[in-house]
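J.: A single structure is presented below for examination.
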Amino acid sequence: MSESIVVENASKRFTMQYTKTIKQMTIAALRRQPLSDSFLAVDDVSFTVEQGESIGLMGLNGSGKSTLLKLISGVMRPDAGSVLTRGRIAGLIAAGAGFHPQLTGRENLFLNAAILGMSEAETKRKYDQMVDFADVGKFLGTPVGHYSSGMAARLGFAVAAFADSDIFLADEVLAVGDRPFKRKCMRRMEEIKKEGRTLFYVSHAPGSVRKMCDRALVLVNGRLGFDGPVEEGLRFLQYDDSETDSDDDLGADI
Amino acid sequence: MVDPSRVPDVPLTAPGDSGGLHNVFRQRYLLRLLVRKELKARYQGSVLGLLWSYVQPAVRFLAYFLVIGVVLGQQRGVENFAIHIFSAMVMVHYFTETFSSGTRSIVRNKNILQKMSLPREMFPVASMLVSAYHTFPQIVILLVGVVLTGWSPTPYDVAAGLLGFTIIAVFGMALALVFSAANVFFRDFQNIVQTFSIFVMWSVPMIYSYERIENLAGGTVWEQVYLANPIANGVMLFQQLFWVPTVPEGSDLPPVMPDDLMTRGLVVLAVCLVLLALAQVVFTRLEAKFAERL
């Protein structure tokens, strides 16, 4: 038994507009329009990931990548089917998620680590590594509200990257950072991969997926369109013919 | 290819299955950080900070004492009326604070809940603890007041006071859990709660004494209806600790309390615990859709 993530026929349905005022509902009823409209963001997706595999999740904008990631992280629950995971999950669903603007960088670091399930002792043990990686310097004692978006993202990534976990999820990680930081992130993700953690990486950049991942999943309108080797996945998405621009190998999100 | 030593020795589970209130108290460290965050946000940019939590109730106490006690002359009807009022007010405040900030807690922390997975009950529980933290300075002011008046509580009174506090905490928590979840779906609920909070202070013996209720409805079903209110029970038990022992023996105006105050309180606490369990069931049902509705 070495599965890390087991997704079976998982679906997630979203309603287009949830809350309406009484006025809106009355008008819709009088015009005999439907009261709500829904769509499937994730549609009957099944796959199994073994511990230590690194998966590149790809797909066009709106194909359901983030929703699938939220199902795996436990932020959302599937409406049908099941999602099961083994062990602790860390990762960055969005850069600097859950930072409180009024708390300092240090306080946010401890809070975020605690949300990821780390104890006080664990956080203290990893503190220097996190601070070193985030590289926000003297701003550690400044409220995060005053940080630049890049600084907040760096701090967020640092916490997630050094938290103990069995599964590491990464989304939009490299969208905000500058070039040196992107390089650092890629190096850290390779280390995470070598440590034998399961890596789930969402990216639009063929270069970084080629480098990091040994398997690709491609979502097309919420359905799993492809599951297999990275090269074939890129061909499936027609990403392989891309002109090799300089950012490509660093994984610039488009 | 799989390194067996890296496979965590735990079964496959549904991620984000928090395990409810019970788990919240197992993760006390996270809870402590969340409470600290709330407190910090509350006193942001304030020089006096927590001291404000002492100043405001002290002023309020003084105002009640002067206006209602001295100017309106209510004092003649109830012995130590200012203490009667203030001890009730401390509990009413604790309840309304827990209820209204708890109700808003999930929506207020949506940036965390949309992105990260943690027991979602954390937030209403943290609100309840923050409210308790703010009740402490008021109890200090109250203590100063009763000691100056002359206070000799018995162990029975102390037990009553603790029971009253617990009832308010459990009842407020149960309501906060249900309403915080409901508020995710319809933000109307936070307004309903605000409206309801205005009514709370009139439903307990605060600016009138329990004696009035007994004179008015003693022995009728209406008295039982009045006494079925957990907040009224919590308030009277709290007054049993702080107000009753300040009334000197042989006073012309002996304090009137329901006969079976303590037994009643224990039954009410049991009912509130059942309500809390039901609230947890409702919360667990609704939380599955939090992330997309926030």
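By convention here, the chains of the structure tokens are called A, B, ... in the order presented, each chain's residues are numbered starting at 1, and ligands are numbered starting at 1 in the order presented.
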Near chain A, meaning an atom within 8 Å, which residues of chain B appear when counting only C-alpha atoms? Write them as a ChimeraX atom specification.

T.: /B:2-4,6-17,29-30,33-34,37,40-41,44,111-118,185-186,288-293

J.: Next, dump the selected residues to file, keeping only N, CA and C atoms, as an mmCIF file, in the first residue's frame.

T.:
```cif
data_model
loop_
_atom_site.group_PDB
_atom_site.id
_atom_site.type_symbol
_atom_site.label_atom_id
_atom_site.label_comp_id
_atom_site.auth_asym_id
_atom_site.auth_seq_id
_atom_site.Cartn_x
_atom_site.Cartn_y
_atom_site.Cartn_z
ATOM 1 N N VAL B 2 8.948 3.429 -5.613
ATOM 2 C CA VAL B 2 8.472 4.012 -4.357
ATOM 3 C C VAL B 2 9.426 3.622 -3.233
ATOM 4 N N ASP B 3 9.875 4.617 -2.496
ATOM 5 C CA ASP B 3 10.751 4.363 -1.360
ATOM 6 C C ASP B 3 9.869 4.027 -0.163
ATOM 7 N N PRO B 4 9.866 2.774 0.272
ATOM 8 C CA PRO B 4 8.903 2.381 1.317
ATOM 9 C C PRO B 4 9.085 3.151 2.623
ATOM 10 N N ARG B 6 9.533 6.174 2.900
ATOM 11 C CA ARG B 6 8.925 7.503 2.785
ATOM 12 C C ARG B 6 7.397 7.429 2.860
ATOM 13 N N VAL B 7 6.852 6.214 2.742
ATOM 14 C CA VAL B 7 5.394 6.113 2.769
ATOM 15 C C VAL B 7 4.926 6.309 4.207
ATOM 16 N N PRO B 8 4.148 7.355 4.477
ATOM 17 C CA PRO B 8 3.724 7.613 5.849
ATOM 18 C C PRO B 8 2.881 6.468 6.391
ATOM 19 N N ASP B 9 3.099 6.184 7.660
ATOM 20 C CA ASP B 9 2.458 5.043 8.287
ATOM 21 C C ASP B 9 1.059 5.396 8.776
ATOM 22 N N VAL B 10 0.245 5.912 7.879
ATOM 23 C CA VAL B 10 -1.136 6.262 8.234
ATOM 24 C C VAL B 10 -2.040 5.811 7.094
ATOM 25 N N PRO B 11 -3.307 5.562 7.380
ATOM 26 C CA PRO B 11 -4.205 5.153 6.298
ATOM 27 C C PRO B 11 -4.565 6.323 5.391
ATOM 28 N N LEU B 12 -5.106 5.998 4.239
ATOM 29 C CA LEU B 12 -5.630 7.023 3.335
ATOM 30 C C LEU B 12 -6.853 7.653 3.995
ATOM 31 N N THR B 13 -6.918 8.980 3.980
ATOM 32 C CA THR B 13 -8.091 9.636 4.562
ATOM 33 C C THR B 13 -8.569 10.737 3.628
ATOM 34 N N ALA B 14 -9.800 11.174 3.860
ATOM 35 C CA ALA B 14 -10.322 12.298 3.094
ATOM 36 C C ALA B 14 -9.675 13.567 3.620
ATOM 37 N N PRO B 15 -8.966 14.312 2.774
ATOM 38 C CA PRO B 15 -8.301 15.527 3.271
ATOM 39 C C PRO B 15 -9.321 16.564 3.725
ATOM 40 N N GLY B 16 -8.972 17.304 4.751
ATOM 41 C CA GLY B 16 -9.857 18.372 5.209
ATOM 42 C C GLY B 16 -10.987 17.862 6.075
ATOM 43 N N ASP B 17 -10.915 16.602 6.463
ATOM 44 C CA ASP B 17 -11.929 16.069 7.366
ATOM 45 C C ASP B 17 -11.468 16.393 8.780
ATOM 46 N N TYR B 29 -2.259 24.759 20.198
ATOM 47 C CA TYR B 29 -1.231 25.716 19.778
ATOM 48 C C TYR B 29 -1.759 26.625 18.658
ATOM 49 N N LEU B 30 -2.381 26.006 17.657
ATOM 50 C CA LEU B 30 -2.960 26.793 16.563
ATOM 51 C C LEU B 30 -4.063 27.707 17.092
ATOM 52 N N LEU B 33 -2.609 30.753 18.688
ATOM 53 C CA LEU B 33 -2.130 31.737 17.716
ATOM 54 C C LEU B 33 -3.291 32.510 17.090
ATOM 55 N N LEU B 34 -4.400 31.805 16.831
ATOM 56 C CA LEU B 34 -5.564 32.476 16.232
ATOM 57 C C LEU B 34 -6.179 33.472 17.204
ATOM 58 N N LYS B 37 -4.017 36.459 17.257
ATOM 59 C CA LYS B 37 -4.221 37.240 16.041
ATOM 60 C C LYS B 37 -5.433 38.151 16.181
ATOM 61 N N LYS B 40 -4.723 40.977 18.601
ATOM 62 C CA LYS B 40 -3.819 41.939 18.004
ATOM 63 C C LYS B 40 -4.576 42.850 17.025
ATOM 64 N N ALA B 41 -5.467 42.230 16.256
ATOM 65 C CA ALA B 41 -6.238 43.004 15.280
ATOM 66 C C ALA B 41 -7.138 44.007 15.993
ATOM 67 N N GLN B 44 -5.153 47.146 17.230
ATOM 68 C CA GLN B 44 -4.234 47.693 16.236
ATOM 69 C C GLN B 44 -4.189 49.218 16.324
ATOM 70 N N ASN B 111 -10.206 34.471 3.689
ATOM 71 C CA ASN B 111 -8.964 34.329 2.909
ATOM 72 C C ASN B 111 -8.142 33.123 3.366
ATOM 73 N N ILE B 112 -8.275 32.745 4.626
ATOM 74 C CA ILE B 112 -7.597 31.525 5.075
ATOM 75 C C ILE B 112 -8.387 30.292 4.640
ATOM 76 N N LEU B 113 -9.707 30.338 4.852
ATOM 77 C CA LEU B 113 -10.527 29.152 4.610
ATOM 78 C C LEU B 113 -10.623 28.773 3.138
ATOM 79 N N GLN B 114 -10.443 29.752 2.254
ATOM 80 C CA GLN B 114 -10.520 29.434 0.824
ATOM 81 C C GLN B 114 -9.241 28.779 0.329
ATOM 82 N N LYS B 115 -8.168 28.950 1.094
ATOM 83 C CA LYS B 115 -6.875 28.499 0.589
ATOM 84 C C LYS B 115 -6.276 27.351 1.387
ATOM 85 N N MET B 116 -6.574 27.298 2.686
ATOM 86 C CA MET B 116 -5.902 26.296 3.501
ATOM 87 C C MET B 116 -6.910 25.458 4.252
ATOM 88 N N SER B 117 -6.466 24.272 4.599
ATOM 89 C CA SER B 117 -7.356 23.333 5.254
ATOM 90 C C SER B 117 -7.010 23.246 6.736
ATOM 91 N N LEU B 118 -7.984 23.533 7.579
ATOM 92 C CA LEU B 118 -7.805 23.420 9.032
ATOM 93 C C LEU B 118 -9.185 23.209 9.625
ATOM 94 N N PHE B 185 -23.784 31.288 3.892
ATOM 95 C CA PHE B 185 -24.734 31.145 2.791
ATOM 96 C C PHE B 185 -25.580 32.398 2.598
ATOM 97 N N PHE B 186 -26.000 32.987 3.693
ATOM 98 C CA PHE B 186 -26.763 34.236 3.599
ATOM 99 C C PHE B 186 -26.235 35.215 4.639
ATOM 100 N N ALA B 288 -18.994 21.602 4.251
ATOM 101 C CA ALA B 288 -18.498 21.026 2.997
ATOM 102 C C ALA B 288 -18.551 22.040 1.859
ATOM 103 N N LYS B 289 -19.463 23.004 1.964
ATOM 104 C CA LYS B 289 -19.626 23.958 0.867
ATOM 105 C C LYS B 289 -19.059 25.339 1.178
ATOM 106 N N PHE B 290 -18.360 25.454 2.298
ATOM 107 C CA PHE B 290 -17.831 26.768 2.683
ATOM 108 C C PHE B 290 -16.953 27.393 1.608
ATOM 109 N N ALA B 291 -15.958 26.630 1.154
ATOM 110 C CA ALA B 291 -14.926 27.207 0.288
ATOM 111 C C ALA B 291 -15.510 27.854 -0.959
ATOM 112 N N GLU B 292 -16.531 27.241 -1.551
ATOM 113 C CA GLU B 292 -17.084 27.823 -2.768
ATOM 114 C C GLU B 292 -18.103 28.922 -2.524
ATOM 115 N N ARG B 293 -18.671 28.962 -1.318
ATOM 116 C CA ARG B 293 -19.696 29.977 -1.051
ATOM 117 C C ARG B 293 -19.140 31.229 -0.403
#
```

J.: So that I can check the surroundings of Val92 of chain B, please list as a CSV table (one decimal) with C-alpha atoms, in the first residue's frame every protein, DNA and RNA residue that reaches within 10 Å of it, counting only C-alpha atoms and ignoring chain neighbours fewer than 5 positions away.

T.:
```
chain,number,residue,atom,x,y,z
B,86,PHE,CA,-23.3,45.3,36.3
B,87,SER,CA,-22.9,41.6,37.1
B,97,GLU,CA,-19.9,39.1,22.0
B,98,THR,CA,-19.5,35.4,21.6
B,168,ILE,CA,-23.2,31.2,28.9
B,197,SER,CA,-28.6,40.9,20.6
B,200,VAL,CA,-31.0,39.8,25.1
B,201,MET,CA,-30.5,42.3,27.9
B,202,TRP,CA,-34.2,42.8,28.4
B,203,SER,CA,-34.8,39.0,28.6
B,204,VAL,CA,-32.7,38.6,31.8
B,206,MET,CA,-30.6,43.1,34.7
B,231,ILE,CA,-29.0,33.3,29.4
B,232,ALA,CA,-31.4,34.2,32.2
B,234,GLY,CA,-26.5,32.1,33.5
B,235,VAL,CA,-27.1,35.6,34.6
```

J.: Using atom CA of Leu269 of chain B and atom CA of Ala88 of chain B as the two end points, give the distance in Å to one decimal.

T.: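 Atom-to-atom, atom CA of Leu269 of chain B to atom CA of Ala88 of chain B, that is 18.0 Å.
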
J.: Identify all residues of segment 12-244 of chain A in strand (DSSP E or B) (DSSP on the backbone) and supply them as number ranges by chain.

T.: A: 12-15, 38-50, 54-59, 80-85, 89-92, 104, 143, 167-170, 198-202, 215-220, 223-228

J.: Give me, as a ChimeraX atom specification, the residues of segment 34-218 of chain B that a backbone DSSP run labels alpha helix (DSSP H).

T.: /B:34-42,52-63,81-108,110-113,122-149,155-185,188-200,210-217

J.: At a cut-off of 12 Å, using only C-alpha atoms, what residues contact Leu40 of chain A? Leave out same-chain residues fewer than 5 positions from it and give the result as a PyMOL selection string.

T.: chain A and resi 10-16+45+62-64+67-68+78-80+220-223

J.: Any chance you can output those residues with all heavy atoms as a compact mmCIF listing (two decimals), in the first residue's frame?

T.:
```
# COMPACT_ATOMS: atom_id res chain seq x y z
N ALA A 10 -14.15 11.71 -9.07
CA ALA A 10 -14.46 12.94 -8.35
C ALA A 10 -15.07 13.99 -9.27
O ALA A 10 -14.60 14.19 -10.39
CB ALA A 10 -13.20 13.50 -7.70
N SER A 11 -16.13 14.61 -8.79
CA SER A 11 -16.76 15.70 -9.53
C SER A 11 -17.01 16.86 -8.58
O SER A 11 -17.24 16.66 -7.39
CB SER A 11 -18.10 15.27 -10.12
OG SER A 11 -17.90 14.28 -11.10
N LYS A 12 -16.93 18.05 -9.10
CA LYS A 12 -17.26 19.23 -8.31
C LYS A 12 -18.10 20.16 -9.17
O LYS A 12 -17.69 20.56 -10.25
CB LYS A 12 -15.98 19.93 -7.87
CG LYS A 12 -16.21 21.09 -6.94
CD LYS A 12 -16.56 20.60 -5.56
CE LYS A 12 -17.17 21.70 -4.73
NZ LYS A 12 -17.71 21.18 -3.47
N ARG A 13 -19.28 20.48 -8.66
CA ARG A 13 -20.20 21.34 -9.42
C ARG A 13 -20.28 22.70 -8.77
O ARG A 13 -20.37 22.81 -7.55
CB ARG A 13 -21.59 20.69 -9.45
CG ARG A 13 -22.63 21.48 -10.22
CD ARG A 13 -23.97 20.74 -10.25
NE ARG A 13 -23.92 19.54 -11.09
CZ ARG A 13 -24.03 19.56 -12.42
NH1 ARG A 13 -24.21 20.69 -13.05
NH2 ARG A 13 -23.98 18.44 -13.10
N PHE A 14 -20.20 23.72 -9.56
CA PHE A 14 -20.35 25.09 -9.05
C PHE A 14 -21.62 25.71 -9.60
O PHE A 14 -22.00 25.46 -10.74
CB PHE A 14 -19.17 25.96 -9.48
CG PHE A 14 -17.91 25.67 -8.74
CD1 PHE A 14 -16.70 25.69 -9.40
CD2 PHE A 14 -17.93 25.36 -7.40
CE1 PHE A 14 -15.53 25.42 -8.73
CE2 PHE A 14 -16.77 25.08 -6.72
CZ PHE A 14 -15.56 25.10 -7.38
N THR A 15 -22.25 26.53 -8.77
CA THR A 15 -23.40 27.30 -9.22
C THR A 15 -22.89 28.67 -9.67
O THR A 15 -21.98 29.21 -9.06
CB THR A 15 -24.43 27.42 -8.08
OG1 THR A 15 -24.75 26.11 -7.63
CG2 THR A 15 -25.68 28.13 -8.53
N MET A 16 -23.45 29.19 -10.74
CA MET A 16 -22.92 30.43 -11.31
C MET A 16 -23.12 31.60 -10.34
O MET A 16 -22.22 32.37 -10.09
CB MET A 16 -23.59 30.77 -12.63
CG MET A 16 -23.63 29.63 -13.60
SD MET A 16 -22.04 29.30 -14.32
CE MET A 16 -22.29 29.98 -15.93
N VAL A 45 -13.26 12.74 -12.52
CA VAL A 45 -11.81 12.56 -12.66
C VAL A 45 -11.35 11.42 -11.75
O VAL A 45 -11.74 11.35 -10.59
CB VAL A 45 -11.06 13.87 -12.30
CG1 VAL A 45 -9.56 13.62 -12.18
CG2 VAL A 45 -11.36 14.93 -13.33
N GLY A 62 -9.08 27.85 -16.64
CA GLY A 62 -10.48 27.47 -16.46
C GLY A 62 -10.75 26.00 -16.70
O GLY A 62 -11.90 25.59 -16.79
N SER A 63 -9.70 25.19 -16.80
CA SER A 63 -9.94 23.77 -17.07
C SER A 63 -10.16 22.98 -15.78
O SER A 63 -10.44 21.79 -15.83
CB SER A 63 -8.77 23.18 -17.86
OG SER A 63 -7.56 23.40 -17.17
N GLY A 64 -10.03 23.65 -14.63
CA GLY A 64 -10.34 22.97 -13.36
C GLY A 64 -9.13 22.58 -12.54
O GLY A 64 -9.26 21.85 -11.56
N THR A 67 -9.33 23.92 -8.89
CA THR A 67 -10.38 23.23 -8.15
C THR A 67 -9.91 21.84 -7.76
O THR A 67 -10.10 21.40 -6.62
CB THR A 67 -11.67 23.14 -8.99
OG1 THR A 67 -12.00 24.44 -9.45
CG2 THR A 67 -12.81 22.58 -8.19
N LEU A 68 -9.27 21.15 -8.69
CA LEU A 68 -8.76 19.81 -8.38
C LEU A 68 -7.74 19.88 -7.24
O LEU A 68 -7.75 19.06 -6.32
CB LEU A 68 -8.12 19.19 -9.63
CG LEU A 68 -7.58 17.76 -9.47
CD1 LEU A 68 -8.67 16.81 -9.02
CD2 LEU A 68 -6.96 17.26 -10.77
N PRO A 78 -15.40 16.92 -2.77
CA PRO A 78 -16.09 16.57 -4.02
C PRO A 78 -17.58 16.37 -3.79
O PRO A 78 -17.99 15.92 -2.72
CB PRO A 78 -15.41 15.26 -4.44
CG PRO A 78 -14.83 14.70 -3.19
CD PRO A 78 -14.50 15.85 -2.31
N ASP A 79 -18.39 16.74 -4.80
CA ASP A 79 -19.83 16.51 -4.70
C ASP A 79 -20.14 15.04 -4.96
O ASP A 79 -21.11 14.49 -4.45
CB ASP A 79 -20.58 17.37 -5.73
CG ASP A 79 -20.46 18.83 -5.39
OD1 ASP A 79 -20.49 19.16 -4.19
OD2 ASP A 79 -20.34 19.65 -6.31
N ALA A 80 -19.33 14.42 -5.82
CA ALA A 80 -19.51 13.00 -6.09
C ALA A 80 -18.13 12.37 -6.18
O ALA A 80 -17.14 13.05 -6.41
CB ALA A 80 -20.26 12.82 -7.42
N VAL A 220 -9.06 18.91 -19.42
CA VAL A 220 -9.73 19.61 -20.51
C VAL A 220 -11.18 19.80 -20.09
O VAL A 220 -11.91 18.81 -19.93
CB VAL A 220 -9.66 18.80 -21.82
CG1 VAL A 220 -10.33 19.58 -22.94
CG2 VAL A 220 -8.24 18.46 -22.17
N ASN A 221 -11.58 21.02 -19.88
CA ASN A 221 -12.94 21.33 -19.42
C ASN A 221 -13.38 20.46 -18.24
O ASN A 221 -14.48 19.92 -18.22
CB ASN A 221 -13.94 21.16 -20.56
CG ASN A 221 -13.73 22.22 -21.61
OD1 ASN A 221 -13.37 23.34 -21.30
ND2 ASN A 221 -13.92 21.84 -22.87
N GLY A 222 -12.49 20.30 -17.27
CA GLY A 222 -12.85 19.58 -16.07
C GLY A 222 -12.67 18.07 -16.15
O GLY A 222 -12.74 17.38 -15.15
N ARG A 223 -12.45 17.56 -17.35
CA ARG A 223 -12.25 16.11 -17.48
C ARG A 223 -10.77 15.81 -17.64
O ARG A 223 -10.01 16.63 -18.16
CB ARG A 223 -13.02 15.57 -18.68
CG ARG A 223 -14.50 15.82 -18.62
CD ARG A 223 -15.21 15.07 -19.72
NE ARG A 223 -15.23 13.63 -19.46
CZ ARG A 223 -16.27 13.00 -18.93
NH1 ARG A 223 -17.36 13.66 -18.64
NH2 ARG A 223 -16.23 11.70 -18.72
```
